[in-house]
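Novice: First, the structure itself, so that you have it in front of you.
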Amino acid sequence: MLQIHSFCFSPVEENTYVIYDEVGNAAIVDCGCMTGNEQERLRSFVESKGLSPRLLLSTHMHFDHVWGNGWVLRTWPEIEAYAPKIDLEQLPSPSEQIRKFGLLLRCEEVDPSVYRPLVGGEVIQLGKHSLEVRHVPGHSPGHVVFYAANAGFVIVGDTLFRRNIGRTDFWYGSYDQLIGSIREQLFTLPTDTIVYPGHEDPTVIGEEIAHNPYFK
């Protein structure tokens, strides 16, 4: 059975996840560690559990969710990196995003060619376990989520939150598209599926179908 561990990183309190199986195969999802201390927290967890990071997965390419990708790729050079194809093609680079926000921060750039592109519909293997990739645009144009059916959870980035949804005022965002994407790609999952979002606390699909005010 897959297990999942979360970290809350950076001033925007971004959730970074480590998924791992019974023999130590691991995936790092939306690596947002910004500081050396945050990097060490993630590295220490991986080492304490005896994990071997195999996959670096990005739900979308906003800077707060990819800040640590360069560090991960240098720390575990054999890791395979995946990211949404449309985001790689259309979004400004993380450094350009930061400049447009007026922030005086520096972000290590990763050559887009390093990533294997995702469009939705793929199945990624982590050891014996499968992660289904679903395209859920609206917060960003290429945004994907990672659904682990057998483990009963989905990592949704900035699409769906507890009683809330992701912002749609960033590059190529669309409120109508996001609402439709959530209905079609997330609310069709089993109602007991645990939702792990890009910020804040987990929720459950059935709870959001019943109580999320954006779907009344």
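Each chain in the structure tokens gets a letter, A, B and so on, in the order shown; residues start at 1 in every chain, and ligands are counted from 1 in the order they appear.
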List the neighbours of Leu131 (chain A) out to 6 Å using only C-alpha atoms; skip same-chain residues closer than 6 positions along the sequence, and give me the result as a list in words.
Specialist: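 Here the qualifying residues turn out to be Val123, Ile124, Phe146, Tyr147 and Ala148 of chain A.
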Novice: List as an NGL selection string the protein and nucleic acid residues near region 4-15 of chain A, meaning an atom at most 8 Å away when only C-alpha atoms are counted, but skip any in the same chain fewer than 6 places from it.
Specialist: :A and (30 or 32-35 or 38 or 42 or 64-65 or 197-200)
Novice: If we count only C-alpha atoms, what is near Leu103 (chain A) at a cut-off of 12 Å, once residues fewer than 4 positions away on the same chain are taken out, given as a compact mmCIF listing (two decimals) with all heavy atoms, in the first residue's frame?
Specialist:
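File written: selection.txt
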```txt
# COMPACT_ATOMS: atom_id res chain seq x y z
N PRO A 11 7.00 30.70 2.52
CA PRO A 11 6.08 31.68 3.10
C PRO A 11 4.63 31.53 2.65
O PRO A 11 3.71 31.98 3.33
CB PRO A 11 6.66 33.03 2.63
CG PRO A 11 8.10 32.76 2.40
CD PRO A 11 8.15 31.36 1.86
N PHE A 63 5.59 28.90 -9.59
CA PHE A 63 6.91 28.87 -8.96
C PHE A 63 6.91 28.26 -7.56
O PHE A 63 7.87 27.59 -7.16
CB PHE A 63 7.52 30.28 -8.92
CG PHE A 63 6.93 31.20 -7.88
CD1 PHE A 63 7.45 31.23 -6.60
CD2 PHE A 63 5.86 32.03 -8.19
CE1 PHE A 63 6.92 32.09 -5.64
CE2 PHE A 63 5.32 32.88 -7.23
CZ PHE A 63 5.85 32.91 -5.95
N PRO A 94 9.61 30.02 -13.94
CA PRO A 94 9.43 30.37 -12.53
C PRO A 94 10.08 31.70 -12.15
O PRO A 94 9.49 32.50 -11.41
CB PRO A 94 10.09 29.19 -11.80
CG PRO A 94 9.89 28.04 -12.72
CD PRO A 94 10.04 28.62 -14.11
N SER A 95 11.28 31.98 -12.67
CA SER A 95 11.94 33.25 -12.35
C SER A 95 11.15 34.43 -12.87
O SER A 95 11.01 35.47 -12.20
CB SER A 95 13.35 33.27 -12.92
OG SER A 95 14.17 32.32 -12.27
N GLU A 96 10.59 34.30 -14.08
CA GLU A 96 9.78 35.38 -14.65
C GLU A 96 8.49 35.55 -13.86
O GLU A 96 8.03 36.68 -13.63
CB GLU A 96 9.48 35.09 -16.11
CG GLU A 96 8.66 36.17 -16.81
CD GLU A 96 9.38 37.50 -16.90
OE1 GLU A 96 10.61 37.54 -16.76
OE2 GLU A 96 8.69 38.53 -17.11
N GLN A 97 7.90 34.47 -13.41
CA GLN A 97 6.71 34.57 -12.56
C GLN A 97 7.01 35.37 -11.30
O GLN A 97 6.24 36.24 -10.90
CB GLN A 97 6.21 33.18 -12.18
CG GLN A 97 5.67 32.35 -13.33
CD GLN A 97 5.29 30.96 -12.89
OE1 GLN A 97 4.84 30.74 -11.76
NE2 GLN A 97 5.49 29.97 -13.76
N ILE A 98 8.14 35.06 -10.68
CA ILE A 98 8.53 35.75 -9.45
C ILE A 98 8.69 37.25 -9.70
O ILE A 98 8.23 38.09 -8.92
CB ILE A 98 9.82 35.13 -8.88
CG1 ILE A 98 9.54 33.71 -8.38
CG2 ILE A 98 10.39 35.98 -7.76
CD1 ILE A 98 10.78 32.92 -8.09
N ARG A 99 9.34 37.59 -10.82
CA ARG A 99 9.52 39.01 -11.15
C ARG A 99 8.19 39.69 -11.36
O ARG A 99 7.98 40.84 -10.94
CB ARG A 99 10.40 39.14 -12.40
CG ARG A 99 11.87 38.88 -12.16
CD ARG A 99 12.72 39.35 -13.31
NE ARG A 99 12.50 38.56 -14.51
CZ ARG A 99 13.15 37.45 -14.81
NH1 ARG A 99 14.07 36.97 -13.98
NH2 ARG A 99 12.89 36.80 -15.94
N CYS A 107 15.20 31.96 -8.06
CA CYS A 107 14.76 30.57 -8.19
C CYS A 107 15.66 29.86 -9.20
O CYS A 107 15.90 30.39 -10.29
CB CYS A 107 13.31 30.50 -8.64
SG CYS A 107 12.66 28.84 -8.89
```
Novice: Out of A:Thr191, A:Gln90, A:Ser52, A:Ser58, which residue has the shortest atom-to-atom distance to Glu22 (chain A) when counting only C-alpha atoms?
Specialist: A:Ser52
Novice: Which one of A:Pro141, A:Gly102, A:Gly127, A:Trp67 sits closest to Gly36 (chain A) if you count only C-alpha atoms?
Specialist: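 Counting only C-alpha atoms, the residue closest to Gly36 (chain A) is A:Trp67.
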Novice: List every residue of region 11-181 of chain A that DSSP, applied to the backbone, labels as strand (DSSP E or B), and write the result as JSON, numbers by chain.
Specialist: {"A": [14, 15, 16, 17, 18, 19, 20, 25, 26, 27, 28, 29, 52, 53, 54, 55, 56, 57, 80, 81, 82, 83, 84, 116, 117, 118, 123, 124, 125, 126, 129, 130, 131, 132, 133, 134, 135, 144, 145, 146, 147, 148, 153, 154, 155, 156, 157, 160, 161, 164, 165]}
Novice: Selection from above, N, CA and C atoms, as a compact mmCIF listing (two decimals), in the first residue's frame, can you write it?
Specialist:
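The new file part_25.txt reads:
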```
# COMPACT_ATOMS: atom_id res chain seq x y z
N GLU A 14 3.11 26.11 1.05
CA GLU A 14 2.83 25.15 -0.03
C GLU A 14 3.05 23.73 0.49
N ASN A 15 2.18 22.82 0.07
CA ASN A 15 2.28 21.43 0.48
C ASN A 15 3.11 20.62 -0.52
N THR A 16 4.19 20.06 -0.03
CA THR A 16 5.02 19.13 -0.79
C THR A 16 4.73 17.72 -0.25
N TYR A 17 4.60 16.76 -1.15
CA TYR A 17 4.25 15.40 -0.72
C TYR A 17 5.34 14.41 -1.12
N VAL A 18 5.54 13.42 -0.26
CA VAL A 18 6.36 12.26 -0.59
C VAL A 18 5.45 11.04 -0.53
N ILE A 19 5.33 10.35 -1.66
CA ILE A 19 4.59 9.09 -1.73
C ILE A 19 5.61 7.97 -1.76
N TYR A 20 5.36 6.91 -1.01
CA TYR A 20 6.33 5.81 -1.01
C TYR A 20 5.64 4.46 -0.78
N ASN A 25 10.42 2.66 -2.76
CA ASN A 25 10.31 3.50 -3.95
C ASN A 25 9.50 4.75 -3.58
N ALA A 26 9.98 5.91 -3.99
CA ALA A 26 9.34 7.16 -3.58
C ALA A 26 9.15 8.12 -4.74
N ALA A 27 8.10 8.92 -4.63
CA ALA A 27 7.85 10.03 -5.55
C ALA A 27 7.75 11.31 -4.74
N ILE A 28 8.41 12.35 -5.19
CA ILE A 28 8.30 13.68 -4.58
C ILE A 28 7.39 14.50 -5.46
N VAL A 29 6.34 15.05 -4.88
CA VAL A 29 5.32 15.75 -5.66
C VAL A 29 5.25 17.21 -5.24
N SER A 52 14.11 5.55 -1.74
CA SER A 52 14.83 5.83 -2.99
C SER A 52 13.93 6.64 -3.90
N PRO A 53 14.13 7.96 -3.99
CA PRO A 53 13.28 8.78 -4.85
C PRO A 53 13.44 8.39 -6.33
N ARG A 54 12.33 7.95 -6.93
CA ARG A 54 12.32 7.53 -8.33
C ARG A 54 11.68 8.56 -9.25
N LEU A 55 10.70 9.30 -8.72
CA LEU A 55 9.90 10.20 -9.53
C LEU A 55 9.84 11.59 -8.89
N LEU A 56 9.93 12.60 -9.73
CA LEU A 56 9.66 13.99 -9.34
C LEU A 56 8.46 14.44 -10.16
N LEU A 57 7.33 14.67 -9.50
CA LEU A 57 6.08 14.96 -10.18
C LEU A 57 5.63 16.39 -9.87
N GLU A 80 13.36 10.53 -12.28
CA GLU A 80 12.66 10.89 -13.50
C GLU A 80 11.66 12.00 -13.19
N ALA A 81 11.72 13.08 -13.94
CA ALA A 81 10.86 14.25 -13.69
C ALA A 81 9.73 14.32 -14.71
N TYR A 82 8.52 14.61 -14.22
CA TYR A 82 7.34 14.75 -15.07
C TYR A 82 6.65 16.07 -14.75
N ALA A 83 6.13 16.72 -15.79
CA ALA A 83 5.42 17.98 -15.60
C ALA A 83 4.42 18.18 -16.74
N PRO A 84 3.39 19.03 -16.52
CA PRO A 84 2.37 19.23 -17.55
C PRO A 84 2.93 19.89 -18.81
N ARG A 116 9.56 14.94 -18.53
CA ARG A 116 8.71 14.17 -19.43
C ARG A 116 7.33 14.81 -19.40
N PRO A 117 6.78 15.20 -20.56
CA PRO A 117 5.54 15.98 -20.57
C PRO A 117 4.31 15.12 -20.30
N LEU A 118 3.38 15.71 -19.56
CA LEU A 118 2.11 15.06 -19.23
C LEU A 118 0.95 15.84 -19.84
N VAL A 123 -0.57 6.77 -17.21
CA VAL A 123 -0.45 6.04 -15.95
C VAL A 123 1.04 5.92 -15.64
N ILE A 124 1.44 6.44 -14.49
CA ILE A 124 2.83 6.43 -14.07
C ILE A 124 3.00 5.34 -13.02
N GLN A 125 4.05 4.55 -13.16
CA GLN A 125 4.31 3.48 -12.21
C GLN A 125 5.30 3.90 -11.13
N LEU A 126 4.95 3.62 -9.90
CA LEU A 126 5.86 3.76 -8.77
C LEU A 126 5.97 2.37 -8.15
N HIS A 129 2.87 0.09 -8.02
CA HIS A 129 1.66 0.90 -7.86
C HIS A 129 1.50 1.87 -9.03
N SER A 130 0.25 2.18 -9.33
CA SER A 130 -0.07 3.05 -10.46
C SER A 130 -0.61 4.39 -9.98
N LEU A 131 -0.18 5.44 -10.65
CA LEU A 131 -0.72 6.78 -10.45
C LEU A 131 -1.36 7.23 -11.76
N GLU A 132 -2.65 7.46 -11.73
CA GLU A 132 -3.36 7.93 -12.92
C GLU A 132 -3.26 9.44 -13.02
N VAL A 133 -2.90 9.92 -14.20
CA VAL A 133 -2.78 11.36 -14.44
C VAL A 133 -4.07 11.87 -15.07
N ARG A 134 -4.66 12.89 -14.45
CA ARG A 134 -5.88 13.51 -14.99
C ARG A 134 -5.63 14.99 -15.24
N HIS A 135 -6.06 15.47 -16.40
CA HIS A 135 -5.90 16.88 -16.76
C HIS A 135 -7.06 17.67 -16.15
N VAL A 144 -2.39 19.09 -13.89
CA VAL A 144 -2.79 17.70 -13.76
C VAL A 144 -2.88 17.32 -12.30
N VAL A 145 -3.56 16.22 -12.03
CA VAL A 145 -3.61 15.65 -10.69
C VAL A 145 -3.15 14.20 -10.77
N PHE A 146 -2.76 13.65 -9.62
CA PHE A 146 -2.25 12.29 -9.56
C PHE A 146 -3.14 11.47 -8.65
N TYR A 147 -3.82 10.47 -9.23
CA TYR A 147 -4.80 9.67 -8.52
C TYR A 147 -4.27 8.27 -8.27
N ALA A 148 -4.21 7.90 -7.00
CA ALA A 148 -3.79 6.56 -6.60
C ALA A 148 -5.04 5.79 -6.19
N PHE A 153 -6.45 7.97 -2.69
CA PHE A 153 -6.18 9.40 -2.55
C PHE A 153 -5.83 10.01 -3.90
N VAL A 154 -5.96 11.34 -3.96
CA VAL A 154 -5.60 12.10 -5.14
C VAL A 154 -4.86 13.36 -4.70
N ILE A 155 -3.74 13.64 -5.36
CA ILE A 155 -2.98 14.87 -5.11
C ILE A 155 -3.40 15.87 -6.17
N VAL A 156 -4.01 16.98 -5.74
CA VAL A 156 -4.73 17.85 -6.67
C VAL A 156 -4.09 19.21 -6.92
N GLY A 157 -2.91 19.48 -6.34
CA GLY A 157 -2.32 20.79 -6.56
C GLY A 157 -3.26 21.90 -6.13
N LEU A 160 -8.62 22.00 -6.19
CA LEU A 160 -9.71 21.86 -5.22
C LEU A 160 -9.15 21.94 -3.81
N PHE A 161 -9.84 22.71 -2.96
CA PHE A 161 -9.50 22.83 -1.55
C PHE A 161 -10.73 22.53 -0.70
N ASN A 164 -13.39 25.19 -1.05
CA ASN A 164 -12.84 26.26 -1.87
C ASN A 164 -12.29 25.66 -3.15
N ILE A 165 -11.88 26.52 -4.07
CA ILE A 165 -11.23 26.11 -5.31
C ILE A 165 -10.00 26.97 -5.53
```
Novice: Nearest to Ile86 (chain A): which of A:Arg43, A:Arg106, A:His60, A:Arg183 is it, counting only C-alpha atoms?
Specialist: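 Looking at the shortest contact to Ile86 (chain A), the residue is A:His60.
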Novice: One decimal, in Å: what's the spacing between CA of Ala210 (chain A) and CA of Asp176 (chain A)?
Specialist: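 Between these atoms lies a distance of 19.5 Å.
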Novice: To one decimal place, how far is CA of Val110 (chain A) from CA of Gly70 (chain A) in Å?
Specialist: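 According to the coordinates, CA of Val110 (chain A) and CA of Gly70 (chain A) are separated by 5.9 Å.
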Novice: List every residue of chain A that DSSP, applied to the backbone, labels as alpha helix (DSSP H), and write the result as a PyMOL selection string.
Specialist: chain A and resi 36-48+63-66+69-75+85-90+94-100+175-181+205-211
Novice: Do you know which residues are at most 7 Å from Leu91 (chain A) counting only C-alpha atoms, after dropping those on the same chain fewer than 3 positions away, and could you put them as a list in words?
Specialist: Asp87, Leu88 and Trp171 of chain A
Novice: Could you check which of A:Gly166, A:Pro137, A:Pro213, A:Gly142 is closest to Glu184 (chain A), using only C-alpha atoms?
Specialist: A:Pro137
